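Student: Contents of run_39.cif (mmCIF, C-alpha atoms and all ligand atoms; chains and numbers go by the auth columns):
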data_final
loop_
_atom_site.group_PDB
_atom_site.id
_atom_site.type_symbol
_atom_site.label_atom_id
_atom_site.label_comp_id
_atom_site.label_asym_id
_atom_site.label_seq_id
_atom_site.Cartn_x
_atom_site.Cartn_y
_atom_site.Cartn_z
_atom_site.B_iso_or_equiv
_atom_site.auth_seq_id
_atom_site.auth_asym_id
ATOM 1 C CA MET A 1 177.455 196.731 -93.621 0.00 1 A
ATOM 2 C CA ARG A 2 177.858 194.164 -96.380 0.00 2 A
ATOM 3 C CA LYS A 3 176.161 194.884 -99.715 0.00 3 A
ATOM 4 C CA GLN A 4 172.392 194.433 -99.856 0.00 4 A
ATOM 5 C CA ILE A 5 171.423 193.448 -103.385 0.00 5 A
ATOM 6 C CA ALA A 6 168.252 193.178 -105.467 0.00 6 A
ATOM 7 C CA ALA A 7 169.156 191.215 -108.597 0.00 7 A
ATOM 8 C CA ALA A 8 166.716 190.715 -111.442 0.00 8 A
ATOM 9 C CA ASN A 9 167.068 187.544 -113.497 0.00 9 A
ATOM 10 C CA TRP A 10 165.060 188.015 -116.674 0.00 10 A
ATOM 11 C CA LYS A 11 165.942 184.483 -117.864 0.00 11 A
ATOM 12 C CA MET A 12 164.786 183.963 -121.494 0.00 12 A
ATOM 13 C CA ASN A 13 161.987 186.525 -121.335 0.00 13 A
ATOM 14 C CA LEU A 14 161.147 189.854 -122.984 0.00 14 A
ATOM 15 C CA THR A 15 162.013 191.245 -126.409 0.00 15 A
ATOM 16 C CA TYR A 16 164.699 193.902 -126.642 0.00 16 A
ATOM 17 C CA GLN A 17 162.042 196.629 -126.796 0.00 17 A
ATOM 18 C CA GLN A 18 160.151 195.205 -123.832 0.00 18 A
ATOM 19 C CA GLY A 19 163.362 194.992 -121.844 0.00 19 A
ATOM 20 C CA GLU A 20 164.243 198.589 -122.638 0.00 20 A
ATOM 21 C CA ALA A 21 160.742 199.763 -121.647 0.00 21 A
ATOM 22 C CA LEU A 22 160.942 197.797 -118.385 0.00 22 A
ATOM 23 C CA LEU A 23 164.266 199.406 -117.469 0.00 23 A
ATOM 24 C CA ASP A 24 162.947 202.862 -118.414 0.00 24 A
ATOM 25 C CA GLU A 25 159.984 202.408 -116.124 0.00 25 A
ATOM 26 C CA ILE A 26 162.023 201.129 -113.181 0.00 26 A
ATOM 27 C CA LEU A 27 164.655 203.864 -113.496 0.00 27 A
ATOM 28 C CA ALA A 28 162.005 206.569 -113.908 0.00 28 A
ATOM 29 C CA ASP A 29 160.935 205.807 -110.364 0.00 29 A
ATOM 30 C CA GLY A 30 164.060 207.633 -109.216 0.00 30 A
ATOM 31 C CA ILE A 31 165.028 205.211 -106.451 0.00 31 A
ATOM 32 C CA GLN A 32 168.084 206.507 -104.603 0.00 32 A
ATOM 33 C CA LEU A 33 170.157 203.615 -103.364 0.00 33 A
ATOM 34 C CA ALA A 34 172.316 203.922 -100.274 0.00 34 A
ATOM 35 C CA GLU A 35 176.037 203.241 -100.504 0.00 35 A
ATOM 36 C CA HIS A 36 175.605 199.647 -99.295 0.00 36 A
ATOM 37 C CA GLN A 37 172.718 198.867 -101.669 0.00 37 A
ATOM 38 C CA LEU A 38 172.880 197.583 -105.225 0.00 38 A
ATOM 39 C CA ALA A 39 170.378 196.703 -107.957 0.00 39 A
ATOM 40 C CA ILE A 40 171.576 194.374 -110.720 0.00 40 A
ATOM 41 C CA PHE A 41 169.826 193.346 -113.933 0.00 41 A
ATOM 42 C CA ALA A 42 170.848 189.925 -115.295 0.00 42 A
ATOM 43 C CA VAL A 43 169.659 190.185 -118.870 0.00 43 A
ATOM 44 C CA PRO A 44 169.998 188.113 -122.070 0.00 44 A
ATOM 45 C CA TYR A 45 173.357 188.598 -123.839 0.00 45 A
ATOM 46 C CA PRO A 46 172.034 190.779 -126.697 0.00 46 A
ATOM 47 C CA TYR A 47 170.637 193.265 -124.167 0.00 47 A
ATOM 48 C CA LEU A 48 173.820 193.735 -122.128 0.00 48 A
ATOM 49 C CA LEU A 49 175.070 196.895 -123.825 0.00 49 A
ATOM 50 C CA MET A 50 171.642 198.511 -123.864 0.00 50 A
ATOM 51 C CA THR A 51 171.210 197.712 -120.165 0.00 51 A
ATOM 52 C CA ARG A 52 174.672 198.945 -119.325 0.00 52 A
ATOM 53 C CA SER A 53 173.986 202.278 -120.991 0.00 53 A
ATOM 54 C CA GLU A 54 170.559 202.536 -119.285 0.00 54 A
ATOM 55 C CA VAL A 55 172.089 202.129 -115.829 0.00 55 A
ATOM 56 C CA GLU A 56 175.434 203.848 -116.254 0.00 56 A
ATOM 57 C CA HIS A 57 174.258 207.218 -114.939 0.00 57 A
ATOM 58 C CA GLU A 58 172.499 205.693 -111.943 0.00 58 A
ATOM 59 C CA ASN A 59 174.227 205.192 -108.627 0.00 59 A
ATOM 60 C CA ASN A 60 174.565 201.535 -107.653 0.00 60 A
ATOM 61 C CA PHE A 61 172.586 200.091 -110.546 0.00 61 A
ATOM 62 C CA SER A 62 174.454 197.531 -112.610 0.00 62 A
ATOM 63 C CA VAL A 63 174.230 194.782 -115.201 0.00 63 A
ATOM 64 C CA ALA A 64 174.981 191.052 -115.207 0.00 64 A
ATOM 65 C CA ALA A 65 175.156 188.262 -117.748 0.00 65 A
ATOM 66 C CA GLN A 66 173.174 185.121 -116.936 0.00 66 A
ATOM 67 C CA ASN A 67 175.972 182.712 -117.843 0.00 67 A
ATOM 68 C CA CYS A 68 179.338 182.414 -119.553 0.00 68 A
ATOM 69 C CA HIS A 69 181.385 179.574 -120.981 0.00 69 A
ATOM 70 C CA HIS A 70 183.966 177.865 -118.783 0.00 70 A
ATOM 71 C CA LYS A 71 186.796 177.963 -121.340 0.00 71 A
ATOM 72 C CA LYS A 72 188.840 180.994 -122.266 0.00 72 A
ATOM 73 C CA SER A 73 188.137 181.001 -126.008 0.00 73 A
ATOM 74 C CA GLY A 74 188.083 178.696 -129.000 0.00 74 A
ATOM 75 C CA ALA A 75 185.873 176.513 -131.150 0.00 75 A
ATOM 76 C CA TYR A 76 182.662 176.632 -129.082 0.00 76 A
ATOM 77 C CA THR A 77 180.118 177.872 -131.604 0.00 77 A
ATOM 78 C CA GLY A 78 177.360 179.929 -130.064 0.00 78 A
ATOM 79 C CA GLU A 79 179.060 180.371 -126.698 0.00 79 A
ATOM 80 C CA ILE A 80 180.087 183.570 -124.890 0.00 80 A
ATOM 81 C CA SER A 81 183.334 183.916 -122.935 0.00 81 A
ATOM 82 C CA ALA A 82 184.031 185.845 -119.750 0.00 82 A
ATOM 83 C CA GLU A 83 186.595 187.895 -121.663 0.00 83 A
ATOM 84 C CA MET A 84 183.879 188.943 -124.133 0.00 84 A
ATOM 85 C CA LEU A 85 181.650 190.014 -121.245 0.00 85 A
ATOM 86 C CA HIS A 86 184.486 192.009 -119.733 0.00 86 A
ATOM 87 C CA SER A 87 185.095 193.695 -123.082 0.00 87 A
ATOM 88 C CA LEU A 88 181.463 194.884 -122.953 0.00 88 A
ATOM 89 C CA GLY A 89 181.972 196.341 -119.481 0.00 89 A
ATOM 90 C CA VAL A 90 179.854 193.708 -117.725 0.00 90 A
ATOM 91 C CA PRO A 91 180.875 193.500 -114.049 0.00 91 A
ATOM 92 C CA TYR A 92 178.709 190.565 -112.836 0.00 92 A
ATOM 93 C CA CYS A 93 177.713 187.130 -114.117 0.00 93 A
ATOM 94 C CA VAL A 94 175.223 184.619 -112.726 0.00 94 A
ATOM 95 C CA ILE A 95 176.979 181.250 -112.403 0.00 95 A
ATOM 96 C CA GLY A 96 175.384 177.864 -111.779 0.00 96 A
ATOM 97 C CA HIS A 97 171.720 178.757 -111.845 0.00 97 A
ATOM 98 C CA SER A 98 169.717 175.597 -111.178 0.00 98 A
ATOM 99 C CA GLU A 99 168.173 175.823 -114.646 0.00 99 A
ATOM 100 C CA ARG A 100 171.667 175.654 -116.155 0.00 100 A
ATOM 101 C CA ARG A 101 172.669 172.830 -113.832 0.00 101 A
ATOM 102 C CA GLU A 102 169.548 170.885 -114.810 0.00 102 A
ATOM 103 C CA TYR A 103 169.028 171.618 -118.524 0.00 103 A
ATOM 104 C CA PHE A 104 172.662 172.139 -119.537 0.00 104 A
ATOM 105 C CA ALA A 105 174.299 169.571 -117.269 0.00 105 A
ATOM 106 C CA GLU A 106 176.543 172.041 -115.467 0.00 106 A
ATOM 107 C CA SER A 107 178.484 170.219 -112.771 0.00 107 A
ATOM 108 C CA ASN A 108 180.107 171.618 -109.637 0.00 108 A
ATOM 109 C CA SER A 109 183.551 171.183 -111.217 0.00 109 A
ATOM 110 C CA MET A 110 182.532 172.982 -114.417 0.00 110 A
ATOM 111 C CA LEU A 111 181.141 175.784 -112.249 0.00 111 A
ATOM 112 C CA ALA A 112 184.488 176.042 -110.451 0.00 112 A
ATOM 113 C CA GLU A 113 186.033 176.701 -113.885 0.00 113 A
ATOM 114 C CA LYS A 114 183.385 179.331 -114.634 0.00 114 A
ATOM 115 C CA VAL A 115 184.039 181.058 -111.318 0.00 115 A
ATOM 116 C CA ASN A 116 187.779 181.086 -112.076 0.00 116 A
ATOM 117 C CA ILE A 117 187.403 182.457 -115.589 0.00 117 A
ATOM 118 C CA CYS A 118 185.050 185.187 -114.368 0.00 118 A
ATOM 119 C CA LEU A 119 187.491 186.286 -111.671 0.00 119 A
ATOM 120 C CA GLU A 120 190.370 186.260 -114.157 0.00 120 A
ATOM 121 C CA ASN A 121 188.318 188.697 -116.221 0.00 121 A
ATOM 122 C CA TYR A 122 187.347 191.040 -113.351 0.00 122 A
ATOM 123 C CA ILE A 123 183.762 189.743 -113.301 0.00 123 A
ATOM 124 C CA THR A 124 182.094 189.060 -109.962 0.00 124 A
ATOM 125 C CA PRO A 125 180.236 185.741 -109.987 0.00 125 A
ATOM 126 C CA ILE A 126 176.723 185.580 -108.553 0.00 126 A
ATOM 127 C CA PHE A 127 177.078 181.952 -107.581 0.00 127 A
ATOM 128 C CA CYS A 128 173.818 179.998 -107.256 0.00 128 A
ATOM 129 C CA CYS A 129 173.280 177.022 -105.004 0.00 129 A
ATOM 130 C CA GLY A 130 170.182 175.265 -103.712 0.00 130 A
ATOM 131 C CA GLU A 131 168.597 171.875 -103.246 0.00 131 A
ATOM 132 C CA PRO A 132 165.831 170.038 -105.118 0.00 132 A
ATOM 133 C CA LEU A 133 162.602 169.069 -103.364 0.00 133 A
ATOM 134 C CA GLU A 134 163.601 165.446 -102.672 0.00 134 A
ATOM 135 C CA ILE A 135 166.722 166.599 -100.811 0.00 135 A
ATOM 136 C CA ARG A 136 164.656 169.054 -98.732 0.00 136 A
ATOM 137 C CA GLU A 137 162.153 166.295 -97.959 0.00 137 A
ATOM 138 C CA ALA A 138 164.971 163.980 -96.913 0.00 138 A
ATOM 139 C CA GLY A 139 166.296 166.750 -94.631 0.00 139 A
ATOM 140 C CA THR A 140 169.812 166.682 -96.152 0.00 140 A
ATOM 141 C CA GLN A 141 169.763 170.164 -97.703 0.00 141 A
ATOM 142 C CA ASN A 142 172.555 171.523 -95.498 0.00 142 A
ATOM 143 C CA ASP A 143 175.057 168.915 -96.682 0.00 143 A
ATOM 144 C CA PHE A 144 173.866 169.266 -100.275 0.00 144 A
ATOM 145 C CA VAL A 145 174.526 173.016 -100.508 0.00 145 A
ATOM 146 C CA ALA A 146 177.756 172.720 -98.498 0.00 146 A
ATOM 147 C CA GLU A 147 178.998 170.330 -101.191 0.00 147 A
ATOM 148 C CA GLN A 148 178.061 172.792 -103.939 0.00 148 A
ATOM 149 C CA LEU A 149 180.082 175.536 -102.262 0.00 149 A
ATOM 150 C CA LYS A 150 183.035 173.308 -101.463 0.00 150 A
ATOM 151 C CA GLU A 151 183.353 171.901 -104.970 0.00 151 A
ATOM 152 C CA SER A 152 182.905 175.184 -106.840 0.00 152 A
ATOM 153 C CA LEU A 153 184.277 177.894 -104.536 0.00 153 A
ATOM 154 C CA PHE A 154 186.519 176.548 -101.797 0.00 154 A
ATOM 155 C CA HIS A 155 189.612 176.270 -103.997 0.00 155 A
ATOM 156 C CA LEU A 156 189.696 180.098 -104.011 0.00 156 A
ATOM 157 C CA PRO A 157 191.839 182.225 -101.709 0.00 157 A
ATOM 158 C CA ALA A 158 190.035 184.296 -99.060 0.00 158 A
ATOM 159 C CA GLU A 159 190.518 187.626 -100.852 0.00 159 A
ATOM 160 C CA LYS A 160 188.576 186.291 -103.844 0.00 160 A
ATOM 161 C CA VAL A 161 185.818 184.590 -101.871 0.00 161 A
ATOM 162 C CA LYS A 162 184.906 187.720 -99.934 0.00 162 A
ATOM 163 C CA ASP A 163 183.796 189.464 -103.129 0.00 163 A
ATOM 164 C CA ILE A 164 181.676 186.638 -104.515 0.00 164 A
ATOM 165 C CA ILE A 165 177.907 187.000 -104.281 0.00 165 A
ATOM 166 C CA ILE A 166 176.074 183.823 -103.321 0.00 166 A
ATOM 167 C CA ALA A 167 172.437 183.202 -104.190 0.00 167 A
ATOM 168 C CA TYR A 168 170.616 180.475 -102.307 0.00 168 A
ATOM 169 C CA GLU A 169 167.774 179.317 -104.529 0.00 169 A
ATOM 170 C CA PRO A 170 165.918 176.222 -103.340 0.00 170 A
ATOM 171 C CA ILE A 171 164.749 174.605 -106.575 0.00 171 A
ATOM 172 C CA TRP A 172 161.328 173.786 -105.141 0.00 172 A
ATOM 173 C CA ALA A 173 160.703 177.519 -104.645 0.00 173 A
ATOM 174 C CA ILE A 174 161.700 178.691 -108.140 0.00 174 A
ATOM 175 C CA GLY A 175 158.768 179.771 -110.280 0.00 175 A
ATOM 176 C CA THR A 176 156.395 177.780 -108.100 0.00 176 A
ATOM 177 C CA GLY A 177 154.965 180.572 -105.960 0.00 177 A
ATOM 178 C CA LYS A 178 156.094 178.464 -102.989 0.00 178 A
ATOM 179 C CA THR A 179 158.583 180.702 -101.198 0.00 179 A
ATOM 180 C CA ALA A 180 160.851 179.326 -98.500 0.00 180 A
ATOM 181 C CA SER A 181 159.628 180.614 -95.162 0.00 181 A
ATOM 182 C CA THR A 182 161.636 183.409 -93.619 0.00 182 A
ATOM 183 C CA ALA A 183 162.846 180.925 -91.016 0.00 183 A
ATOM 184 C CA GLN A 184 163.936 178.389 -93.662 0.00 184 A
ATOM 185 C CA ALA A 185 165.791 181.077 -95.619 0.00 185 A
ATOM 186 C CA GLN A 186 167.511 182.499 -92.528 0.00 186 A
ATOM 187 C CA GLU A 187 168.489 179.030 -91.316 0.00 187 A
ATOM 188 C CA MET A 188 170.104 178.114 -94.636 0.00 188 A
ATOM 189 C CA HIS A 189 171.813 181.482 -95.046 0.00 189 A
ATOM 190 C CA ALA A 190 173.276 181.218 -91.551 0.00 190 A
ATOM 191 C CA HIS A 191 174.444 177.692 -92.426 0.00 191 A
ATOM 192 C CA LEU A 192 176.104 178.916 -95.637 0.00 192 A
ATOM 193 C CA ARG A 193 177.811 181.704 -93.740 0.00 193 A
ATOM 194 C CA SER A 194 179.007 179.274 -91.081 0.00 194 A
ATOM 195 C CA ILE A 195 180.600 176.920 -93.620 0.00 195 A
ATOM 196 C CA ILE A 196 182.345 179.883 -95.268 0.00 196 A
ATOM 197 C CA ALA A 197 183.501 180.947 -91.793 0.00 197 A
ATOM 198 C CA GLY A 198 184.725 177.390 -91.109 0.00 198 A
ATOM 199 C CA LYS A 199 186.948 177.529 -94.174 0.00 199 A
ATOM 200 C CA TYR A 200 187.960 181.215 -94.303 0.00 200 A
ATOM 201 C CA GLY A 201 187.155 182.692 -90.879 0.00 201 A
ATOM 202 C CA SER A 202 184.238 184.801 -89.768 0.00 202 A
ATOM 203 C CA SER A 203 185.591 188.162 -90.891 0.00 203 A
ATOM 204 C CA ILE A 204 185.574 186.897 -94.505 0.00 204 A
ATOM 205 C CA ALA A 205 182.197 185.170 -94.099 0.00 205 A
ATOM 206 C CA ASP A 206 180.668 188.357 -92.724 0.00 206 A
ATOM 207 C CA GLN A 207 181.563 190.208 -95.917 0.00 207 A
ATOM 208 C CA VAL A 208 179.871 187.790 -98.342 0.00 208 A
ATOM 209 C CA SER A 209 176.430 188.871 -99.545 0.00 209 A
ATOM 210 C CA ILE A 210 174.026 185.927 -99.612 0.00 210 A
ATOM 211 C CA LEU A 211 170.854 186.499 -101.628 0.00 211 A
ATOM 212 C CA TYR A 212 167.678 184.451 -101.454 0.00 212 A
ATOM 213 C CA GLY A 213 165.929 183.397 -104.679 0.00 213 A
ATOM 214 C CA GLY A 214 162.687 181.515 -105.277 0.00 214 A
ATOM 215 C CA SER A 215 159.323 183.261 -105.623 0.00 215 A
ATOM 216 C CA VAL A 216 160.487 186.554 -104.126 0.00 216 A
ATOM 217 C CA LYS A 217 157.563 188.940 -104.625 0.00 217 A
ATOM 218 C CA ALA A 218 156.717 192.557 -103.809 0.00 218 A
ATOM 219 C CA GLY A 219 154.651 191.266 -100.897 0.00 219 A
ATOM 220 C CA ASN A 220 157.241 189.013 -99.219 0.00 220 A
ATOM 221 C CA ALA A 221 160.568 190.734 -99.985 0.00 221 A
ATOM 222 C CA ALA A 222 160.693 193.001 -96.927 0.00 222 A
ATOM 223 C CA GLU A 223 160.071 190.125 -94.533 0.00 223 A
ATOM 224 C CA LEU A 224 162.679 187.883 -96.195 0.00 224 A
ATOM 225 C CA PHE A 225 165.285 190.649 -96.420 0.00 225 A
ATOM 226 C CA ALA A 226 164.774 191.585 -92.766 0.00 226 A
ATOM 227 C CA SER A 227 166.497 188.352 -91.701 0.00 227 A
ATOM 228 C CA PRO A 228 170.034 189.056 -90.524 0.00 228 A
ATOM 229 C CA ASP A 229 171.738 186.709 -93.010 0.00 229 A
ATOM 230 C CA VAL A 230 169.514 187.448 -96.034 0.00 230 A
ATOM 231 C CA ASP A 231 171.239 190.204 -97.982 0.00 231 A
ATOM 232 C CA GLY A 232 168.630 190.699 -100.694 0.00 232 A
ATOM 233 C CA GLY A 233 167.200 188.570 -103.477 0.00 233 A
ATOM 234 C CA LEU A 234 167.693 187.061 -106.925 0.00 234 A
ATOM 235 C CA VAL A 235 164.323 187.535 -108.548 0.00 235 A
ATOM 236 C CA GLY A 236 162.796 185.887 -111.611 0.00 236 A
ATOM 237 C CA GLY A 237 159.101 186.427 -112.389 0.00 237 A
ATOM 238 C CA ALA A 238 158.563 189.507 -110.228 0.00 238 A
ATOM 239 C CA SER A 239 161.530 191.269 -111.842 0.00 239 A
ATOM 240 C CA LEU A 240 159.571 191.435 -115.101 0.00 240 A
ATOM 241 C CA VAL A 241 156.890 193.660 -113.558 0.00 241 A
ATOM 242 C CA PRO A 242 158.132 197.229 -113.006 0.00 242 A
ATOM 243 C CA ALA A 243 156.092 198.038 -109.884 0.00 243 A
ATOM 244 C CA ASP A 244 156.994 194.701 -108.317 0.00 244 A
ATOM 245 C CA PHE A 245 160.720 194.992 -108.872 0.00 245 A
ATOM 246 C CA ILE A 246 160.669 198.610 -107.683 0.00 246 A
ATOM 247 C CA ALA A 247 159.018 197.440 -104.468 0.00 247 A
ATOM 248 C CA ILE A 248 161.616 194.675 -104.104 0.00 248 A
ATOM 249 C CA ILE A 249 164.502 197.147 -104.514 0.00 249 A
ATOM 250 C CA ARG A 250 162.849 199.389 -101.945 0.00 250 A
ATOM 251 C CA ALA A 251 162.617 196.433 -99.532 0.00 251 A
ATOM 252 C CA LEU A 252 166.411 196.172 -99.241 0.00 252 A
ATOM 253 C CA LYS A 253 167.847 196.796 -95.796 0.00 253 A
HETATM 254 P P1 LIG B . 161.267 183.180 -109.482 0.00 1 B
HETATM 255 O O1 LIG B . 161.461 184.472 -108.742 0.00 1 B
HETATM 256 O O2 LIG B . 160.445 183.332 -110.722 0.00 1 B
HETATM 257 O O3 LIG B . 160.802 182.083 -108.578 0.00 1 B
HETATM 258 O O4 LIG B . 162.728 182.742 -110.005 0.00 1 B
HETATM 259 C C1 LIG B . 163.764 182.702 -109.111 0.00 1 B
HETATM 260 C C2 LIG B . 165.017 182.535 -109.880 0.00 1 B
HETATM 261 O O5 LIG B . 165.274 181.483 -110.443 0.00 1 B
HETATM 262 C C3 LIG B . 165.922 183.688 -109.957 0.00 1 B
HETATM 263 O O6 LIG B . 167.158 183.320 -110.491 0.00 1 B
#
What does this structure look like when you write it as structure tokens?

Tutor:
Amino acid sequence: MRKQIAAANWKMNLTYQQGEALLDEILADGIQLAEHQLAIFAVPYPYLLMTRSEVEHENNFSVAAQNCHHKKSGAYTGEISAEMLHSLGVPYCVIGHSERREYFAESNSMLAEKVNICLENYITPIFCCGEPLEIREAGTQNDFVAEQLKESLFHLPAEKVKDIIIAYEPIWAIGTGKTASTAQAQEMHAHLRSIIAGKYGSSIADQVSILYGGSVKAGNAAELFASPDVDGGLVGGASLVPADFIAIIRALK
């Protein structure tokens, strides 16, 4: 079975102390993850080491950065490289979140560079895609997300693509409380898997975990995750509430 993943995206929330207390409370619950399950915390850069040491004695709990720079190193004041993340023992990095695409003008081609630099540094990208409301209303969401994948991922060889985690996050569902219906999520995830299969074959496509993001809550996670092509979630708001994120982890297949 491919990996089923509950990933928390804290975004720019919580102080260091609040973050530490949140992790303590979640880990104190003693959730035992199965071999094919994984819980990941995508935390602000200054909390990466603390989070790594919180989770390092837990089975299948891990840590992610929320972004990295697309260049190897150099005069980019204030930026963080993939090599730096690797030197901290960070195994995952969120790439191309819609908030970064929108507020920091990250293009599909820049995201291809970020994916490459992560892989060069042994970091697994959690690659985000998803359409804005006007594209959904026009009914062209399938082509829109296909383009995002093609331009940022499809230059990779099959053995790299199979390990990438994809997060489908329709922008109209992020932080709005308006979750995609289970049918909408399943339909898009099946579409994403079929375009990966078209390029790399179905045995590769079947290995790629595709997470859903956008108003995943304790109350809707189990239904969303039950869909055959939904392999867990990338969770914003509800990941900041211990009981809610615990319930979301427990909802994994
Ligand atoms: P919400 O769960 O708050 O809608 O955020 C989703 C998201 O953007 C996760 O990356």

Student: When the cut-off is 8 Å and you count all atoms listed in the file, which residues lie near ligand LIG 1 (chain B), shown as a ChimeraX atom specification?

Tutor: /A:8-9,11,97-99,169,171,173-177,179,213-217,234-239

Student: If you keep C-alpha atoms, can you produce a file of those selected residues as a PDB file, keeping the file's coordinate frame?

Tutor:
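Dumped to again-v4.pdb:
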ATOM      1  CA  ALA A   8     166.716 190.715-111.442  1.00  0.00           C
ATOM      2  CA  ASN A   9     167.068 187.544-113.497  1.00  0.00           C
ATOM      3  CA  LYS A  11     165.942 184.483-117.864  1.00  0.00           C
ATOM      4  CA  HIS A  97     171.720 178.757-111.845  1.00  0.00           C
ATOM      5  CA  SER A  98     169.717 175.597-111.178  1.00  0.00           C
ATOM      6  CA  GLU A  99     168.173 175.823-114.646  1.00  0.00           C
ATOM      7  CA  GLU A 169     167.774 179.317-104.529  1.00  0.00           C
ATOM      8  CA  ILE A 171     164.749 174.605-106.575  1.00  0.00           C
ATOM      9  CA  ALA A 173     160.703 177.519-104.645  1.00  0.00           C
ATOM     10  CA  ILE A 174     161.700 178.691-108.140  1.00  0.00           C
ATOM     11  CA  GLY A 175     158.768 179.771-110.280  1.00  0.00           C
ATOM     12  CA  THR A 176     156.395 177.780-108.100  1.00  0.00           C
ATOM     13  CA  GLY A 177     154.965 180.572-105.960  1.00  0.00           C
ATOM     14  CA  THR A 179     158.583 180.702-101.198  1.00  0.00           C
ATOM     15  CA  GLY A 213     165.929 183.397-104.679  1.00  0.00           C
ATOM     16  CA  GLY A 214     162.687 181.515-105.277  1.00  0.00           C
ATOM     17  CA  SER A 215     159.323 183.261-105.623  1.00  0.00           C
ATOM     18  CA  VAL A 216     160.487 186.554-104.126  1.00  0.00           C
ATOM     19  CA  LYS A 217     157.563 188.940-104.625  1.00  0.00           C
ATOM     20  CA  LEU A 234     167.693 187.061-106.925  1.00  0.00           C
ATOM     21  CA  VAL A 235     164.323 187.535-108.548  1.00  0.00           C
ATOM     22  CA  GLY A 236     162.796 185.887-111.611  1.00  0.00           C
ATOM     23  CA  GLY A 237     159.101 186.427-112.389  1.00  0.00           C
ATOM     24  CA  ALA A 238     158.563 189.507-110.228  1.00  0.00           C
ATOM     25  CA  SER A 239     161.530 191.269-111.842  1.00  0.00           C
TER      26      SER A 239
END

Student: Between A:Asn13, A:Arg2, A:His69, A:Phe61, which residue has the minimum interatomic distance to Ile249 of chain A, considering all atoms listed in the file?

Tutor: A:Phe61

Student: Please define a box with edges along x, y and z of the file around all atoms of segment 1-8 of chain A given in the file, extend it by 3 Å on each side, and return its centre and edge lengths in Å to one decimal, as JSON.

Tutor:
{"center_x": 172.3, "center_y": 193.7, "center_z": -102.5, "size_x": 17.1, "size_y": 12.0, "size_z": 23.8}

Student: Taking all atoms listed in the file into account, which of A:Ile165, A:Ala75, A:Cys68, A:Cys128 comes nearest Asn108 of chain A?

Tutor: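 Of all the options, A:Cys128 lies closest to Asn108 of chain A.
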
Student: Can you list, as a ChimeraX atom specification, the residues that the PyMOL selection byres (((chain A and resi 79-91) around 10) and not hetatm) selects here?

Tutor: /A:40,45,48-49,51-52,62-65,67-78,92-93,114-125

Student: The PyMOL selection byres (((chain A and resi 223-227) around 7) and not hetatm) on the file shown: which residues, as a list in words?

Tutor: Thr182, Gln186, Asn220, Ala221, Ala222, Pro228, Asp229, Val230, Asp231, Gly232, Leu252 and Lys253 of chain A
